[in-house]
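Undergrad: Just query_15.cif, nothing more (mmCIF, C-alpha atoms and all ligand atoms):
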data_final
#
loop_
_atom_site.label_atom_id
_atom_site.label_comp_id
_atom_site.auth_asym_id
_atom_site.auth_seq_id
_atom_site.Cartn_x
_atom_site.Cartn_y
_atom_site.Cartn_z
CA MET A 7 49.93 53.64 203.27
CA ASN A 8 48.06 53.41 206.60
CA THR A 9 46.48 56.68 207.66
CA GLU A 10 46.41 56.99 211.45
CA ALA A 11 43.52 58.70 213.26
CA GLU A 12 43.79 62.50 213.25
CA TYR A 13 45.58 64.03 216.24
CA ASP A 14 45.38 67.51 217.71
CA VAL A 15 49.18 67.53 217.90
CA VAL A 16 51.86 65.28 216.42
CA ILE A 17 55.29 65.66 218.02
CA ILE A 18 58.29 64.48 216.05
CA GLY A 19 61.02 63.36 218.46
CA GLY A 20 60.55 61.81 221.89
CA GLY A 21 63.50 63.38 223.69
CA LEU A 22 63.14 65.84 226.56
CA ALA A 23 61.27 68.61 224.72
CA GLY A 24 58.90 66.24 222.90
CA LEU A 25 57.99 64.03 225.86
CA SER A 26 57.50 66.91 228.29
CA LEU A 27 55.31 68.76 225.78
CA SER A 28 53.23 65.64 225.16
CA ILE A 29 52.52 65.28 228.89
CA GLN A 30 51.33 68.89 229.22
CA LEU A 31 49.08 68.63 226.15
CA ASN A 32 47.69 65.31 227.30
CA ASN A 33 46.95 66.76 230.78
CA ALA A 34 44.88 69.47 229.05
CA GLY A 35 42.82 66.82 227.24
CA TYR A 36 44.35 66.99 223.75
CA LYS A 37 44.92 63.97 221.55
CA VAL A 38 48.68 63.72 221.12
CA ALA A 39 51.06 61.41 219.26
CA VAL A 40 54.83 61.30 219.72
CA LEU A 41 56.93 59.72 216.98
CA GLU A 42 60.32 58.55 218.22
CA LYS A 43 62.84 56.84 215.96
CA ASP A 44 64.52 54.91 218.83
CA GLN A 45 63.17 53.10 221.87
CA TYR A 46 63.55 53.49 225.66
CA PRO A 47 65.64 53.26 227.71
CA ARG A 48 68.64 54.37 225.70
CA HIS A 49 71.90 56.17 226.33
CA LYS A 50 72.56 59.57 224.77
CA VAL A 51 75.59 61.80 224.33
CA CYS A 52 75.00 64.42 227.04
CA GLY A 53 76.86 65.70 230.11
CA GLU A 54 73.79 64.73 232.23
CA TYR A 55 74.00 67.79 234.48
CA VAL A 56 70.52 69.33 234.81
CA SER A 57 70.47 72.93 236.04
CA MET A 58 68.23 73.56 239.05
CA GLU A 59 65.90 75.80 237.01
CA SER A 60 64.16 72.58 235.80
CA MET A 61 63.58 71.00 239.20
CA ALA A 62 60.08 72.42 239.85
CA PHE A 63 58.98 71.73 236.28
CA LEU A 64 60.08 68.10 236.42
CA GLU A 65 58.35 67.52 239.75
CA ARG A 66 55.17 69.09 238.30
CA THR A 67 55.44 66.82 235.26
CA GLY A 68 55.58 63.74 237.50
CA VAL A 69 59.32 63.02 237.65
CA ALA A 70 59.97 62.67 241.39
CA ILE A 71 63.50 64.10 241.35
CA SER A 72 63.51 64.79 245.11
CA LEU A 73 62.88 61.09 245.85
CA MET A 74 65.57 59.77 243.51
CA LYS A 75 68.56 60.58 245.79
CA LEU A 76 70.46 62.18 242.93
CA PRO A 77 73.82 63.92 243.36
CA VAL A 78 73.38 67.65 244.01
CA ILE A 79 76.08 69.68 242.26
CA ASN A 80 77.02 73.16 243.49
CA THR A 81 80.66 73.77 242.49
CA LEU A 82 82.31 74.20 239.10
CA GLN A 83 85.95 73.37 238.47
CA LEU A 84 87.61 74.69 235.32
CA SER A 85 91.09 73.79 234.18
CA ASP A 86 93.06 75.05 231.20
CA VAL A 87 95.03 72.92 228.77
CA LYS A 88 98.04 72.84 231.13
CA GLY A 89 95.95 71.98 234.17
CA ARG A 90 95.78 75.38 235.88
CA VAL A 91 92.59 75.29 237.84
CA LEU A 92 89.77 77.52 239.11
CA ASN A 93 86.99 76.44 241.48
CA THR A 94 83.87 78.57 241.69
CA PRO A 95 80.46 78.12 243.30
CA LEU A 96 77.51 77.59 240.95
CA PRO A 97 74.92 80.15 242.14
CA GLN A 98 71.96 77.97 241.13
CA GLY A 99 73.59 74.55 240.88
CA GLY A 100 72.03 71.42 239.49
CA PHE A 101 71.73 67.66 239.81
CA GLY A 102 73.04 64.64 237.92
CA ILE A 103 70.77 62.10 236.22
CA SER A 104 71.51 59.83 233.27
CA ARG A 105 69.55 60.27 230.05
CA HIS A 106 68.96 56.51 230.25
CA LYS A 107 66.84 57.15 233.34
CA LEU A 108 65.41 60.61 232.61
CA ASP A 109 64.09 59.97 229.08
CA ALA A 110 62.67 56.56 230.02
CA THR A 111 60.92 58.04 233.08
CA LEU A 112 59.29 60.76 230.97
CA ALA A 113 58.30 58.19 228.32
CA MET A 114 56.70 55.99 230.98
CA ILE A 115 54.73 58.95 232.40
CA ALA A 116 53.56 59.99 228.92
CA GLN A 117 52.44 56.48 228.04
CA ARG A 118 50.66 55.91 231.39
CA LYS A 119 48.72 59.12 230.90
CA GLY A 120 47.54 58.09 227.43
CA VAL A 121 49.91 59.80 225.00
CA ALA A 122 50.16 57.71 221.80
CA LEU A 123 53.91 57.05 221.84
CA PHE A 124 55.18 55.41 218.65
CA THR A 125 58.73 54.13 219.18
CA ASN A 126 60.94 52.84 216.35
CA THR A 127 59.01 55.29 214.20
CA LYS A 128 61.08 57.72 212.16
CA ALA A 129 59.32 60.71 210.61
CA GLU A 130 60.45 61.15 207.03
CA ASP A 131 58.44 64.08 205.76
CA VAL A 132 56.05 66.79 207.00
CA ARG A 133 53.55 68.56 204.76
CA PHE A 134 51.07 71.31 205.48
CA GLU A 135 48.13 71.64 203.08
CA ASP A 136 44.60 73.03 203.54
CA ASP A 137 45.30 73.77 207.19
CA VAL A 138 46.15 70.12 207.99
CA PHE A 139 49.55 68.54 208.54
CA SER A 140 50.50 65.09 207.38
CA VAL A 141 53.61 63.38 208.69
CA LYS A 142 54.94 60.35 206.86
CA ALA A 143 56.72 57.65 208.86
CA GLY A 144 57.39 54.36 207.05
CA THR A 145 54.07 53.00 205.87
CA LYS A 146 52.08 55.27 208.21
CA VAL A 147 50.73 58.78 207.68
CA PHE A 148 49.78 60.81 210.76
CA THR A 149 47.49 63.81 210.35
CA ALA A 150 47.25 66.69 212.85
CA LYS A 151 46.21 70.30 213.43
CA VAL A 152 49.64 71.17 214.87
CA VAL A 153 53.08 69.60 214.38
CA CYS A 154 56.05 70.24 216.67
CA GLY A 155 59.68 69.63 215.72
CA CYS A 156 61.42 68.14 218.76
CA TRP A 157 63.95 66.09 216.82
CA GLY A 158 67.08 67.48 218.46
CA LYS A 159 70.18 69.10 217.03
CA ARG A 160 70.11 67.60 213.51
CA SER A 161 67.70 65.28 211.76
CA ASN A 162 66.58 64.05 208.36
CA VAL A 163 63.51 66.31 208.72
CA ASP A 164 65.80 69.38 208.79
CA ASN A 165 66.87 68.39 205.26
CA LYS A 166 63.27 68.01 204.13
CA LEU A 167 62.46 71.48 205.44
CA GLU A 168 65.63 72.81 203.78
CA ARG A 169 66.70 74.57 206.94
CA ASN A 170 69.42 77.18 206.59
CA PHE A 171 71.85 75.73 209.14
CA ILE A 172 72.02 72.48 207.13
CA LYS A 173 73.18 74.40 204.08
CA GLU A 174 76.03 76.18 205.92
CA GLN A 175 79.62 75.32 205.05
CA LYS A 176 81.44 73.45 207.82
CA LYS A 177 83.22 76.01 209.99
CA ALA A 178 84.33 76.86 213.55
CA LEU A 179 80.92 76.79 215.24
CA ASN A 180 79.29 73.95 213.35
CA ASN A 181 81.58 70.96 213.17
CA PHE A 182 82.11 69.39 216.58
CA ILE A 183 81.95 65.80 217.71
CA GLY A 184 80.68 64.57 221.11
CA VAL A 185 81.91 61.49 222.99
CA LYS A 186 80.46 60.04 226.18
CA TYR A 187 81.25 57.31 228.70
CA HIS A 188 79.80 56.17 231.98
CA ILE A 189 82.63 55.42 234.37
CA LYS A 190 83.32 54.44 237.96
CA HIS A 191 85.64 56.97 239.62
CA PRO A 192 85.79 58.39 243.17
CA TRP A 193 84.55 61.76 241.98
CA PRO A 194 83.05 64.14 244.59
CA GLU A 195 79.28 64.36 244.39
CA HIS A 196 79.04 68.15 244.58
CA LEU A 197 81.55 68.91 241.82
CA ILE A 198 81.28 69.31 238.06
CA ALA A 199 84.53 69.85 236.19
CA LEU A 200 85.23 71.14 232.71
CA HIS A 201 88.77 70.28 231.74
CA ASN A 202 90.10 71.92 228.61
CA PHE A 203 92.40 70.36 226.07
CA LYS A 204 93.59 71.57 222.68
CA GLY A 205 90.45 71.89 220.54
CA GLY A 206 87.87 70.90 223.15
CA TYR A 207 86.78 70.32 226.71
CA CYS A 208 85.73 67.35 228.79
CA GLY A 209 83.13 67.38 231.57
CA ILE A 210 82.85 65.02 234.50
CA SER A 211 80.13 64.84 237.16
CA ARG A 212 78.14 62.25 239.05
CA VAL A 213 74.78 60.72 238.08
CA GLU A 214 72.72 58.04 239.89
CA ASN A 215 74.10 54.69 241.15
CA ASP A 216 77.62 55.92 242.05
CA THR A 217 78.34 56.39 238.38
CA CYS A 218 80.05 59.34 236.67
CA CYS A 219 79.30 60.79 233.29
CA LEU A 220 82.46 61.62 231.35
CA CYS A 221 81.62 63.53 228.21
CA TYR A 222 83.66 65.66 225.86
CA MET A 223 83.31 67.80 222.79
CA THR A 224 86.03 68.48 220.31
CA THR A 225 86.58 69.55 216.74
CA ALA A 226 86.16 67.00 213.96
CA LYS A 227 89.71 68.02 212.98
CA ASN A 228 91.17 66.62 216.23
CA LEU A 229 89.75 63.21 215.34
CA GLN A 230 91.02 63.42 211.78
CA VAL A 231 94.57 64.22 212.86
CA SER A 232 94.39 61.21 215.21
CA GLY A 233 93.69 58.86 212.30
CA ASN A 234 89.97 58.78 213.22
CA ASP A 235 90.95 56.78 216.29
CA ILE A 236 89.24 57.95 219.50
CA LYS A 237 91.68 56.18 221.84
CA GLN A 238 94.62 57.75 220.06
CA MET A 239 93.03 61.19 220.24
CA GLU A 240 92.40 60.76 223.99
CA GLN A 241 95.97 59.67 224.62
CA LYS A 242 97.66 62.27 222.46
CA ILE A 243 95.42 65.29 222.96
CA LEU A 244 93.06 65.02 225.96
CA MET A 245 95.64 63.54 228.33
CA GLN A 246 97.92 66.55 227.88
CA ASN A 247 95.73 68.00 230.61
CA PRO A 248 96.98 66.36 233.87
CA TYR A 249 93.44 66.19 235.31
CA LEU A 250 92.21 64.25 232.29
CA LYS A 251 95.28 62.02 232.42
CA GLU A 252 94.38 61.08 235.98
CA ILE A 253 90.69 60.48 235.17
CA PHE A 254 91.26 58.45 231.98
CA GLY A 255 94.09 56.55 233.68
CA HIS A 256 92.15 55.50 236.79
CA ALA A 257 88.51 55.23 235.74
CA VAL A 258 86.69 51.96 235.17
CA PHE A 259 84.85 52.34 231.85
CA MET A 260 81.39 50.85 231.84
CA TYR A 261 80.87 50.41 228.09
CA GLU A 262 83.35 48.88 225.70
CA GLN A 263 82.89 51.64 223.13
CA PRO A 264 81.95 55.23 223.84
CA LEU A 265 78.79 56.79 222.46
CA THR A 266 79.59 59.34 219.77
CA ILE A 267 77.83 61.99 217.73
CA SER A 268 79.09 64.26 214.99
CA GLN A 269 78.23 67.47 213.14
CA ILE A 270 77.23 69.38 216.26
CA SER A 271 76.31 72.92 215.26
CA PHE A 272 75.70 76.06 217.33
CA GLN A 273 74.47 78.08 214.35
CA ALA A 274 71.27 80.08 214.80
CA LYS A 275 68.05 78.31 213.70
CA GLU A 276 64.43 79.29 213.16
CA ALA A 277 61.89 78.80 216.01
CA VAL A 278 59.13 78.19 213.44
CA GLN A 279 59.63 76.84 209.95
CA GLY A 280 57.15 75.39 207.45
CA ASN A 281 54.43 76.11 210.08
CA VAL A 282 56.15 73.63 212.43
CA LEU A 283 56.94 74.91 215.96
CA MET A 284 60.52 73.97 216.84
CA LEU A 285 61.49 73.13 220.41
CA GLY A 286 64.71 72.30 222.26
CA ASP A 287 67.81 71.77 220.13
CA ALA A 288 65.71 71.84 216.95
CA ALA A 289 65.16 75.56 217.63
CA GLY A 290 68.74 76.32 218.71
CA MET A 291 71.49 74.51 220.52
CA ILE A 292 73.36 76.12 223.39
CA SER A 293 76.98 75.24 224.11
CA PRO A 294 77.15 72.29 226.56
CA LEU A 295 79.56 74.50 228.55
CA CYS A 296 76.51 76.35 229.86
CA GLY A 297 75.01 73.09 231.19
CA ASN A 298 71.41 74.00 230.47
CA GLY A 299 70.40 72.71 227.03
CA MET A 300 68.09 70.24 228.78
CA SER A 301 66.46 73.04 230.78
CA MET A 302 65.98 75.03 227.59
CA ALA A 303 64.26 72.03 226.03
CA PHE A 304 61.87 71.80 229.01
CA HIS A 305 61.31 75.55 229.13
CA SER A 306 60.50 75.70 225.40
CA SER A 307 57.91 72.95 225.93
CA VAL A 308 56.07 75.20 228.42
CA MET A 309 56.05 78.08 225.93
CA ALA A 310 54.92 75.83 223.06
CA TYR A 311 52.19 74.29 225.22
CA GLU A 312 50.74 77.73 226.05
CA ALA A 313 50.82 78.85 222.40
CA ILE A 314 49.21 75.61 221.14
CA ASP A 315 46.56 75.60 223.87
CA SER A 316 45.43 79.13 222.87
CA PHE A 317 45.30 78.13 219.20
CA LEU A 318 43.38 74.90 219.76
CA LYS A 319 40.90 76.81 221.95
CA GLN A 320 40.54 79.23 219.00
CA ARG A 321 41.71 82.20 221.04
CA THR A 322 44.49 82.87 218.52
CA THR A 323 44.93 82.24 214.81
CA ARG A 324 47.66 79.97 213.48
CA GLU A 325 49.65 83.00 212.40
CA GLN A 326 49.38 84.51 215.89
CA MET A 327 50.38 81.22 217.52
CA GLU A 328 53.50 80.97 215.36
CA GLY A 329 54.42 84.65 215.74
CA GLN A 330 53.91 84.73 219.51
CA TYR A 331 55.84 81.50 220.07
CA ALA A 332 58.80 82.68 217.96
CA GLU A 333 58.86 86.06 219.71
CA ARG A 334 58.72 84.55 223.18
CA TRP A 335 61.39 82.01 222.27
CA HIS A 336 63.78 84.74 221.12
CA LYS A 337 63.09 86.91 224.14
CA GLN A 338 63.78 84.03 226.49
CA PHE A 339 66.80 82.39 224.84
CA SER A 340 68.59 84.64 222.32
CA LYS A 341 70.87 86.34 224.88
CA ARG A 342 71.70 83.04 226.53
CA LEU A 343 72.59 81.44 223.20
CA GLY A 344 74.79 84.45 222.37
CA MET A 345 76.68 84.07 225.67
CA GLY A 346 76.96 80.33 225.00
CA ARG A 347 78.51 80.98 221.57
CA PHE A 348 80.93 83.49 223.11
CA ILE A 349 82.07 81.05 225.81
CA GLN A 350 82.23 78.18 223.31
CA SER A 351 84.52 80.19 221.02
CA ARG A 352 86.93 80.91 223.92
CA PHE A 353 87.29 77.36 225.22
CA GLY A 354 89.67 74.67 224.04
CA LYS A 355 92.14 77.20 222.70
CA GLU A 356 95.30 77.23 224.75
CA LYS A 357 95.84 80.99 224.99
CA SER A 358 92.26 82.18 225.24
CA THR A 359 91.30 79.54 227.84
CA SER A 360 94.27 80.48 230.03
CA PHE A 361 93.48 84.17 229.60
CA PHE A 362 89.83 83.53 230.45
CA LEU A 363 90.70 81.54 233.58
CA GLY A 364 93.31 84.13 234.60
CA ALA A 365 90.79 86.95 234.25
CA MET A 366 88.20 85.02 236.27
CA LYS A 367 90.75 84.42 239.04
CA LEU A 368 91.96 88.00 239.05
CA PHE A 369 88.46 89.48 238.98
CA PRO A 370 86.36 86.97 240.93
CA PHE A 371 83.36 89.33 240.83
CA LEU A 372 83.09 88.46 237.08
CA GLN A 373 82.43 84.79 237.78
CA LYS A 374 78.88 85.10 239.03
CA PRO A 375 77.53 87.40 236.27
CA MET A 376 79.12 85.24 233.52
CA ILE A 377 77.58 82.07 234.91
CA LYS A 378 74.25 83.85 235.45
CA ALA A 379 74.12 85.18 231.88
CA ALA A 380 74.37 81.65 230.53
CA THR A 381 71.69 80.15 232.81
CA GLY A 382 67.98 80.76 233.29
CA GLN A 383 65.30 81.18 235.95
CA THR A 384 62.82 78.63 237.26
CA PHE A 385 59.79 78.27 234.97
C1 LIG B 401 78.38 66.74 224.22
C2 LIG B 401 77.11 67.32 224.81
C3 LIG B 401 76.99 67.48 226.18
C4 LIG B 401 75.83 68.05 226.73
N1 LIG B 401 75.73 68.19 228.09
C5 LIG B 401 74.64 68.77 228.63
C6 LIG B 401 74.51 68.92 230.04
O1 LIG B 401 75.35 68.47 230.84
N2 LIG B 401 73.41 69.56 230.51
C7 LIG B 401 72.42 70.04 229.70
O2 LIG B 401 71.44 70.61 230.19
N3 LIG B 401 72.50 69.87 228.35
C8 LIG B 401 73.57 69.24 227.80
N4 LIG B 401 73.64 69.05 226.45
C9 LIG B 401 72.52 69.50 225.62
C10 LIG B 401 71.32 68.54 225.72
O3 LIG B 401 71.73 67.22 225.48
C11 LIG B 401 70.26 68.95 224.69
O4 LIG B 401 70.08 70.34 224.74
C12 LIG B 401 68.93 68.25 224.94
O5 LIG B 401 69.07 66.86 224.79
C13 LIG B 401 67.88 68.77 223.97
O6 LIG B 401 66.70 68.04 224.09
P1 LIG B 401 65.74 67.85 222.83
O7 LIG B 401 64.51 67.23 223.33
O8 LIG B 401 65.68 69.10 222.05
O9 LIG B 401 66.52 66.83 221.88
P2 LIG B 401 66.92 65.33 222.15
O10 LIG B 401 66.95 65.02 223.58
O11 LIG B 401 68.14 65.11 221.32
O12 LIG B 401 65.72 64.50 221.52
C14 LIG B 401 65.48 64.43 220.14
C15 LIG B 401 64.74 63.13 219.87
O13 LIG B 401 64.26 63.13 218.52
C16 LIG B 401 64.44 61.84 217.97
N5 LIG B 401 64.40 61.99 216.50
C17 LIG B 401 65.29 62.64 215.71
N6 LIG B 401 64.88 62.62 214.42
C18 LIG B 401 63.70 61.95 214.41
C19 LIG B 401 62.78 61.61 213.38
N7 LIG B 401 62.98 61.95 212.11
N8 LIG B 401 61.66 60.92 213.71
C20 LIG B 401 61.42 60.55 215.01
N9 LIG B 401 62.28 60.85 216.03
C21 LIG B 401 63.38 61.56 215.74
C22 LIG B 401 65.76 61.37 218.56
O14 LIG B 401 65.89 59.97 218.52
C23 LIG B 401 65.66 61.91 219.99
O15 LIG B 401 65.08 60.98 220.88
C24 LIG B 401 74.78 68.46 225.87
C25 LIG B 401 74.89 68.26 224.50
C26 LIG B 401 76.04 67.70 223.96
C27 LIG B 401 76.13 67.50 222.47
#
Can the structure from this file be put into structure tokens for me?
TA:
Amino acid sequence: MNTEAEYDVVIIGGGLAGLSLSIQLNNAGYKVAVLEKDQYPRHKVCGEYVSMESMAFLERTGVAISLMKLPVINTLQLSDVKGRVLNTPLPQGGFGISRHKLDATLAMIAQRKGVALFTNTKAEDVRFEDDVFSVKAGTKVFTAKVVCGCWGKRSNVDNKLERNFIKEQKKALNNFIGVKYHIKHPWPEHLIALHNFKGGYCGISRVENDTCCLCYMTTAKNLQVSGNDIKQMEQKILMQNPYLKEIFGHAVFMYEQPLTISQISFQAKEAVQGNVLMLGDAAGMISPLCGNGMSMAFHSSVMAYEAIDSFLKQRTTREQMEGQYAERWHKQFSKRLGMGRFIQSRFGKEKSTSFFLGAMKLFPFLQKPMIKAATGQTF
């Protein structure tokens, strides 16, 4: 075993939460390591719509969003399984950027600033003894005063920590699959659509380079009943919605095979477990319907940074750091996650989606508060 130099903070997972936290800690003069199991750039299953609440934070972190000429998105289109449609303005709006570009840009900034970024390095175990953490990754052991879990929605480390959501039986809110393509399609720049089909919904919106992100979530059952064949599922189930039929029928697909993920869970999780501060999806995943999981990952990095900074400056004890972070996390996100779960449970079901769209059309004054409850403020 090779023991690495001791760090102030070791961050497991170099996605959005992990990289943005590493940059803030590094700016404050702390010695930080990020362990990332993959390398950059890389594609990721994600709708790639970033809500505007993150714009100022990203600019502050060094990602020059305003210079990137990204599509600005201000209108939401919803359709039910039969293709009945509702268009509504997005009060805050957002912009489109691929994860290929966003994660790699953050990784480059972190590395340039001096964060020790270990790619192709998968954390296998975390232990906390005598007030010091050790993180095992292959033949290396990293030691640190603080460890942050930024490993996303589900990881091998969740098993090691015996987290409750891992032990749950597979049921309605914890067994979805995600599928993503980049496509060429004459899709309007300002519009994001969520088209429902039986057992799921499919989003489409623009990212950089005249490309569209086409990404859907559905139940694992839909894939099973289609003989585990994605193409068959798309033809038989998704294309029942006339909007999806048009998109799938006319788009030019940019990769041969789609990217896929499975076992997506919206179950509640702990914000701190085994003395590890959890950020982003590792602390709780919001339904992609709300379009702000990425912003929650960034926002949680700001809260974690402030808690860790106080602890490392010995203004708070470890117990206070953990308690204050968990409390702030719940105050900031619990309501939003609840609304996300409510919306998620209504979508992709023929009757409830149609009812939901009908109610939104009939009572347009409901649209704004519903959208607002699922989104957040600038941080
Ligand atoms: C289908 C779908 C569509 C979505 N669409 C949107 C959208 O349009 N807008 C939006 O805002 N959000 C969307 N989201 C949510 C968004 O993708 C997540 O909320 C966001 O990526 C969370 O960031 P994170 O940093 O917590 O995790 P991630 O970005 O997933 O990063 C986790 C990182 O940890 C690494 N890792 C995991 N385990 C280990 C380990 N043991 N050791 C080292 N590294 C490890 C992974 O390789 C990864 O790089 C969507 C999600 C899904 C599933």
Undergrad: Which neighbours of Leu96 (chain A) fall inside 7 Å, counting all atoms listed in the file, when residues of the same chain fewer than 6 positions from it are skipped, and could you give them as a list in words?
TA: Asn80, Thr81 and Leu82 of chain A
Undergrad: Would you mind listing the residues within 7 Å of ligand LIG 401 (chain B), counting only C-alpha atoms and all ligand atoms, as a short mmCIF file (atom, residue, chain, number, x, y, z; two decimals) with C-alpha atoms, in the coordinates of the input?
TA:
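This is the output file out14.cif:
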data_model
loop_
_atom_site.label_atom_id
_atom_site.label_comp_id
_atom_site.auth_asym_id
_atom_site.auth_seq_id
_atom_site.Cartn_x
_atom_site.Cartn_y
_atom_site.Cartn_z
CA ILE A 18 58.29 64.48 216.05
CA GLY A 19 61.02 63.36 218.46
CA GLY A 20 60.55 61.81 221.89
CA GLY A 21 63.50 63.38 223.69
CA LEU A 22 63.14 65.84 226.56
CA ALA A 23 61.27 68.61 224.72
CA GLY A 24 58.90 66.24 222.90
CA LEU A 41 56.93 59.72 216.98
CA GLU A 42 60.32 58.55 218.22
CA LYS A 43 62.84 56.84 215.96
CA ASP A 44 64.52 54.91 218.83
CA VAL A 51 75.59 61.80 224.33
CA CYS A 52 75.00 64.42 227.04
CA GLY A 53 76.86 65.70 230.11
CA GLU A 54 73.79 64.73 232.23
CA TYR A 55 74.00 67.79 234.48
CA VAL A 56 70.52 69.33 234.81
CA SER A 57 70.47 72.93 236.04
CA THR A 127 59.01 55.29 214.20
CA LYS A 128 61.08 57.72 212.16
CA ALA A 129 59.32 60.71 210.61
CA GLU A 130 60.45 61.15 207.03
CA CYS A 156 61.42 68.14 218.76
CA TRP A 157 63.95 66.09 216.82
CA GLY A 158 67.08 67.48 218.46
CA LYS A 159 70.18 69.10 217.03
CA SER A 161 67.70 65.28 211.76
CA ASN A 162 66.58 64.05 208.36
CA VAL A 163 63.51 66.31 208.72
CA GLY A 184 80.68 64.57 221.11
CA VAL A 185 81.91 61.49 222.99
CA CYS A 221 81.62 63.53 228.21
CA TYR A 222 83.66 65.66 225.86
CA MET A 223 83.31 67.80 222.79
CA ILE A 270 77.23 69.38 216.26
CA LEU A 285 61.49 73.13 220.41
CA GLY A 286 64.71 72.30 222.26
CA ASP A 287 67.81 71.77 220.13
CA ALA A 288 65.71 71.84 216.95
CA MET A 291 71.49 74.51 220.52
CA ILE A 292 73.36 76.12 223.39
CA PRO A 294 77.15 72.29 226.56
CA GLY A 297 75.01 73.09 231.19
CA ASN A 298 71.41 74.00 230.47
CA GLY A 299 70.40 72.71 227.03
CA MET A 300 68.09 70.24 228.78
CA SER A 301 66.46 73.04 230.78
CA MET A 302 65.98 75.03 227.59
CA ALA A 303 64.26 72.03 226.03
#
Undergrad: Please list as an mmCIF file with C-alpha atoms, keeping the file's coordinate frame every residue within 8 Å of Ile243 (chain A), counting only C-alpha atoms and excluding residues in the same chain fewer than 3 positions away.
TA:
data_model
loop_
_atom_site.group_PDB
_atom_site.id
_atom_site.type_symbol
_atom_site.label_atom_id
_atom_site.label_comp_id
_atom_site.auth_asym_id
_atom_site.auth_seq_id
_atom_site.Cartn_x
_atom_site.Cartn_y
_atom_site.Cartn_z
ATOM 1 C CA PHE A 203 92.400 70.360 226.070
ATOM 2 C CA LYS A 204 93.590 71.570 222.680
ATOM 3 C CA MET A 239 93.030 61.190 220.240
ATOM 4 C CA GLU A 240 92.400 60.760 223.990
ATOM 5 C CA GLN A 246 97.920 66.550 227.880
#
Undergrad: Out of A:Val78, A:Met327, A:Ile236, A:Leu84, which residue has the shortest atom-to-atom distance to Asp315 (chain A) when counting all atoms listed in the file?
TA: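 Smallest distance to Asp315 (chain A) is found for A:Met327.
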Undergrad: Mind giving me the straight-line distance from CA of Asn32 (chain A) to CA of Glu214 (chain A) in Å, one decimal?
TA: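 Between CA of Asn32 (chain A) and CA of Glu214 (chain A) the gap is 28.9 Å.
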